[in-house]
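Trainee: Have a look at this one.
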Amino acid sequence: MSVMEMSHRGKEFTSIIDKAEADLRSLLNIPVDEFAVLFLQGDATSQFSAVPLNLCSSPHDYVDYLVTGSWDDKAAKEAVKYLHICANEMIYGIEFKDYPTPLNEEGLLVADMSSNFCSKLVDVSKFGVIYAGAQKNVGPARVTITIVRRDLIGKSQKNTPVMLDYKIHAENKSLYNTPPWFGIYMCGLVFEDLLQ
């Protein structure tokens, strides 16, 4: 049976998504107890809305953005509790070699790593959220990989749409709705190859 014919609720696809997650965790040393790995539909641009909806539950939550180019500018316009960076702003050729630390001791570092995801080792423990559109480095378009520190899950605003709520996706192991299963399968093959 082709992966395109599989039910996303069947044991065959469950083994595909579980292996893709396990390989990504191994590749980036992502601790199971500390971070959830979500395979989401759409693109990294959706995370411009999802991040503030999930992390800023109070009007007193503050956000810092380093606007280094087009992508950070778009993300900054979506939210007004964390320091957001685009790890590699490819339009203007700006890549962080060392990641900044939020000035606020309680602040979080959130990074769009779409264009350099899995291209080098990253200490995920320094981040609250990492997200990446798969199409730049690890798979086809329409898959977004989001790595969220577990203590941040479940703090979303009351009006957060279900499809942007990290808690819903984490509780359902990225299977709340029909996932982009072929894209996840392809990402899994890339992770497997990178591990070799």
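For the structure tokens, the naming scheme is as follows: chains receive sequential letters (A, B, ...) according to their order of presentation, residues are indexed from 1 within each chain, and ligands are indexed from 1 in presentation order.
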From a DSSP pass on the backbone, collect the residues of region 21-89 of chain A flagged as strand (DSSP E or B) and hand them back as an NGL selection string.
Mentor: :A and (35-41 or 64-65 or 82-86 or 88-89)
Trainee: For region 93-177 of chain A versus region 3-11 of chain A, which residues have an atom no more than 10 Å away, and what is each residue's nearest atom pair and distance in Å rounded to one decimal, using only C-alpha atoms, chain-then-number order, as a Markdown table?
Mentor:
```
| residue | atom | partner | partner_atom | distance |
| --- | --- | --- | --- | --- |
| A:Leu175 | CA | A:His8 | CA | 7.5 |
| A:Tyr176 | CA | A:Arg9 | CA | 9.9 |
| A:Asn177 | CA | A:His8 | CA | 8.9 |
```
Trainee: Store the residues picked out above in a file with N, CA and C atoms, as an mmCIF file, in the first residue's frame.
Mentor:
```
data_model
loop_
_atom_site.group_PDB
_atom_site.id
_atom_site.type_symbol
_atom_site.label_atom_id
_atom_site.label_comp_id
_atom_site.auth_asym_id
_atom_site.auth_seq_id
_atom_site.Cartn_x
_atom_site.Cartn_y
_atom_site.Cartn_z
ATOM 1 N N LEU A 175 -2.137 14.663 15.339
ATOM 2 C CA LEU A 175 -3.177 13.974 14.566
ATOM 3 C C LEU A 175 -4.579 14.467 14.916
ATOM 4 N N TYR A 176 -4.720 15.718 15.361
ATOM 5 C CA TYR A 176 -6.050 16.250 15.667
ATOM 6 C C TYR A 176 -6.925 16.238 14.414
ATOM 7 N N ASN A 177 -6.316 16.626 13.312
ATOM 8 C CA ASN A 177 -6.992 16.594 12.014
ATOM 9 C C ASN A 177 -6.104 15.801 11.053
#
```
Trainee: So what do you get for CA of Leu195 (chain A) versus CA of Val138 (chain A), distance-wise?
Mentor: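 Distance between the two atoms: 12.5 Å.
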Trainee: If I take CA of Asn29 (chain A) and CA of Asn88 (chain A), how far is one from the other in Å, to one decimal?
Mentor: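 Going from CA of Asn29 (chain A) over to CA of Asn88 (chain A) covers 20.5 Å.
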Trainee: Just the residues within 9 Å of Met163 (chain A), please, counting only C-alpha atoms, with nothing from its chain fewer than 5 positions along; format it as a list of chain:residue names.
Mentor: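 Neighbouring residues, sequence-local ones excluded: A:Leu40, A:Gln41, A:Ala50, A:Ile168, A:His169, A:Tyr176, A:Asn177.
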Trainee: Just C-alpha atoms for this one: save the residues we selected as a tab-separated table (two decimals), in the first residue's frame.
Mentor:
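Result file follows (out.tsv):
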```
chain	number	residue	atom	x	y	z
A	40	LEU	CA	1.47	20.96	11.58
A	41	GLN	CA	-0.28	21.86	8.37
A	50	ALA	CA	0.13	30.91	16.67
A	168	ILE	CA	-4.63	20.44	21.03
A	169	HIS	CA	-1.89	19.27	18.67
A	176	TYR	CA	-6.05	16.25	15.67
A	177	ASN	CA	-6.99	16.59	12.01
```
Trainee: Using only C-alpha atoms, which residues sit within 10 Å of Ser125 (chain A) once same-chain residues fewer than 3 positions away are excluded, as a PDB file with N, CA and C atoms, in the first residue's frame?
Mentor:
```pdb
ATOM      1  N   ASN A  29      18.825  16.411  19.249  1.00  0.00           N
ATOM      2  CA  ASN A  29      18.911  16.188  20.702  1.00  0.00           C
ATOM      3  C   ASN A  29      17.777  16.884  21.448  1.00  0.00           C
ATOM      4  N   ILE A  30      16.545  16.641  21.024  1.00  0.00           N
ATOM      5  CA  ILE A  30      15.367  17.267  21.630  1.00  0.00           C
ATOM      6  C   ILE A  30      14.868  16.373  22.767  1.00  0.00           C
ATOM      7  N   PRO A  31      14.942  16.838  24.024  1.00  0.00           N
ATOM      8  CA  PRO A  31      14.488  16.019  25.154  1.00  0.00           C
ATOM      9  C   PRO A  31      12.972  15.783  25.120  1.00  0.00           C
ATOM     10  N   GLU A  34      10.896  17.552  27.940  1.00  0.00           N
ATOM     11  CA  GLU A  34      10.909  19.006  27.969  1.00  0.00           C
ATOM     12  C   GLU A  34      10.275  19.672  26.754  1.00  0.00           C
ATOM     13  N   PHE A  35      10.228  18.985  25.608  1.00  0.00           N
ATOM     14  CA  PHE A  35       9.731  19.613  24.386  1.00  0.00           C
ATOM     15  C   PHE A  35       8.758  18.705  23.651  1.00  0.00           C
ATOM     16  N   LEU A 109      13.012  32.837  24.069  1.00  0.00           N
ATOM     17  CA  LEU A 109      13.554  33.017  22.729  1.00  0.00           C
ATOM     18  C   LEU A 109      12.731  32.157  21.781  1.00  0.00           C
ATOM     19  N   VAL A 122      21.831  22.690  17.057  1.00  0.00           N
ATOM     20  CA  VAL A 122      21.244  23.803  17.791  1.00  0.00           C
ATOM     21  C   VAL A 122      20.910  23.309  19.191  1.00  0.00           C
ATOM     22  N   GLY A 128      12.171  28.744  23.663  1.00  0.00           N
ATOM     23  CA  GLY A 128      10.819  28.397  24.092  1.00  0.00           C
ATOM     24  C   GLY A 128      10.092  27.708  22.953  1.00  0.00           C
ATOM     25  N   VAL A 129      10.255  28.261  21.751  1.00  0.00           N
ATOM     26  CA  VAL A 129       9.618  27.716  20.547  1.00  0.00           C
ATOM     27  C   VAL A 129      10.591  27.851  19.378  1.00  0.00           C
ATOM     28  N   ARG A 149       8.555  24.085  24.087  1.00  0.00           N
ATOM     29  CA  ARG A 149       8.861  23.665  25.452  1.00  0.00           C
ATOM     30  C   ARG A 149       7.557  23.290  26.149  1.00  0.00           C
TER      31      ARG A 149
END
```
Trainee: Leaving out Val110 (chain A) and any residue of its chain fewer than 6 positions from it, which residues lie within 8 Å of it when counting only C-alpha atoms, given as JSON, numbers by chain?
Mentor: {"A": [82, 83, 84, 85, 127, 128, 129, 130]}
Trainee: What would the file look like if the residues just selected were written as a PDB file, in the first residue's frame with N, CA and C atoms?
Mentor:
```
ATOM      1  N   TYR A  82       8.092  37.564  24.420  1.00  0.00           N
ATOM      2  CA  TYR A  82       9.221  36.765  24.021  1.00  0.00           C
ATOM      3  C   TYR A  82      10.075  37.558  23.049  1.00  0.00           C
ATOM      4  N   LEU A  83      11.282  37.098  22.849  1.00  0.00           N
ATOM      5  CA  LEU A  83      12.176  37.681  21.856  1.00  0.00           C
ATOM      6  C   LEU A  83      12.093  36.804  20.613  1.00  0.00           C
ATOM      7  N   HIS A  84      11.641  37.368  19.518  1.00  0.00           N
ATOM      8  CA  HIS A  84      11.475  36.616  18.275  1.00  0.00           C
ATOM      9  C   HIS A  84      12.613  36.956  17.322  1.00  0.00           C
ATOM     10  N   ILE A  85      13.202  35.921  16.737  1.00  0.00           N
ATOM     11  CA  ILE A  85      14.236  36.134  15.724  1.00  0.00           C
ATOM     12  C   ILE A  85      13.967  35.239  14.520  1.00  0.00           C
ATOM     13  N   PHE A 127      15.636  27.717  23.727  1.00  0.00           N
ATOM     14  CA  PHE A 127      14.461  28.278  23.072  1.00  0.00           C
ATOM     15  C   PHE A 127      13.169  27.879  23.774  1.00  0.00           C
ATOM     16  N   GLY A 128      12.171  28.744  23.663  1.00  0.00           N
ATOM     17  CA  GLY A 128      10.819  28.397  24.092  1.00  0.00           C
ATOM     18  C   GLY A 128      10.092  27.708  22.953  1.00  0.00           C
ATOM     19  N   VAL A 129      10.255  28.261  21.751  1.00  0.00           N
ATOM     20  CA  VAL A 129       9.618  27.716  20.547  1.00  0.00           C
ATOM     21  C   VAL A 129      10.591  27.851  19.378  1.00  0.00           C
ATOM     22  N   ILE A 130      10.682  26.789  18.586  1.00  0.00           N
ATOM     23  CA  ILE A 130      11.379  26.818  17.297  1.00  0.00           C
ATOM     24  C   ILE A 130      10.360  26.347  16.273  1.00  0.00           C
TER      25      ILE A 130
END
```
Trainee: Using Å and a single decimal, report how far CA of Thr146 (chain A) sits from CA of Asp61 (chain A).
Mentor: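 About the pair CA of Asp61 (chain A) and CA of Thr146 (chain A): they are 21.5 Å apart.
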